[in-house]
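Enquirer: Here you go, one structure.
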Amino acid sequence: MASSSNSYNSPCAACKFLRRKCMPGCIFAPYFPPEEPHKFANVHKIFGASNVTKLLNELLPHQREDAVNSLAYEAEARVRDPVYGCVGAISYLQRQVHRLQKELDAANADLAHYGLSTSAAGTPGNVVDLVFQPQPLPPQQPPPLNPVYRLSGANPVMNQMPRSTGGSYGTFLPWNNGHDQQGNM
């Protein structure tokens with residue numbers, strides 16, 4: 001959780017954007033530091049400050065940071081892709097996984113074919129043993145449905161994607177090709 005910006009007499013990004021005085025108990029201050037004005041601007045544009053205030057007041061304090069991160073991610077995705085938002089990113093990644101699975105299956109088939117043809121020719125060793133067998137993923141319990149998903153339309157799958165540590169939510173969006181907003185990997 002970001003530290004409160006009120007200790008430095010600087011208003012949080014939300015109060016600065018809304019042009020109001022940032023009070024010591026400001027609900028936005030811990031989550032929208034003044035160094036990240038774009039984060040609140042996107043959230044406000046998509047969800048509205050009033051809705052975000054209501055949502056944060058309904059949540060327990062330990063849930064608020066995750067809620068704000070989800071809202072910020074969804075808001076940036078909606079700004080970039082107004083029609084699909086995060087669902088577009090999820091669909092893109094699912095198609096990529098499906099394509100890579102087909103490539104892996106084809107490579108395994110080639111290895112198996114090569115292993116059978118070399119063993120028939122009397123070549124020592126069995127290449128078939130080298131075929132990659134993907135292990136099934138352990139079952140995961142879906143996170144409980146909370147107001148963030150109702151408000152944002154976000155999918156709980158997005159919580160399994162890596163989170164940015166530098167405050168730039170564009171880093172892990174598929175349309176950035178793995179680059180952050182400054183062009184770094």
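We name chains A, B, ... following the order of the structure tokens; residues begin at 1 in each chain, and ligands are numbered from 1 as shown.
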Could you name the residues that touch A:Ala75 at 9 Å or less, counting only C-alpha atoms, but leaving out those on the same chain fewer than 6 positions away, as a list in words?

Expert: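 Selected residues are Lys39, Asn42, Val43, His44, Lys45, Ile46, Phe47, Gly85, Cys86 and Ser152 of chain A.
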
Enquirer: Using C-alpha atoms, can you write the selected residues to a file as a JSON list (two decimals), in the first residue's frame?

Expert:
```json
[["chain", "number", "residue", "atom", "x", "y", "z"],
["A", 39, "LYS", "CA", -4.00, 6.18, -12.52],
["A", 42, "ASN", "CA", -8.38, 6.69, -15.92],
["A", 43, "VAL", "CA", -10.34, 5.27, -12.98],
["A", 44, "HIS", "CA", -12.40, 8.46, -12.71],
["A", 45, "LYS", "CA", -13.07, 8.54, -16.47],
["A", 46, "ILE", "CA", -14.35, 4.94, -16.54],
["A", 47, "PHE", "CA", -15.99, 4.46, -13.13],
["A", 85, "GLY", "CA", -11.33, -3.89, -22.06],
["A", 86, "CYS", "CA", -9.76, -6.68, -20.01],
["A", 152, "SER", "CA", -15.88, -3.21, -13.29]]
```

Enquirer: Name the residues in contact with stretch 15-19 of chain A at a cut-off of 9 Å, using only C-alpha atoms, excluding same-chain residues fewer than 6 positions from it; report them as a list in words.

Expert: Cys26, Phe28, Ala29, Pro34, Pro37, Phe40, Ala41 and Ala49 of chain A

Enquirer: From the set A:Leu111, A:Val52, A:Pro33, A:Leu100, which residue has the shortest atom-to-atom contact distance to A:Ser70, counting only C-alpha atoms?

Expert: A:Val52
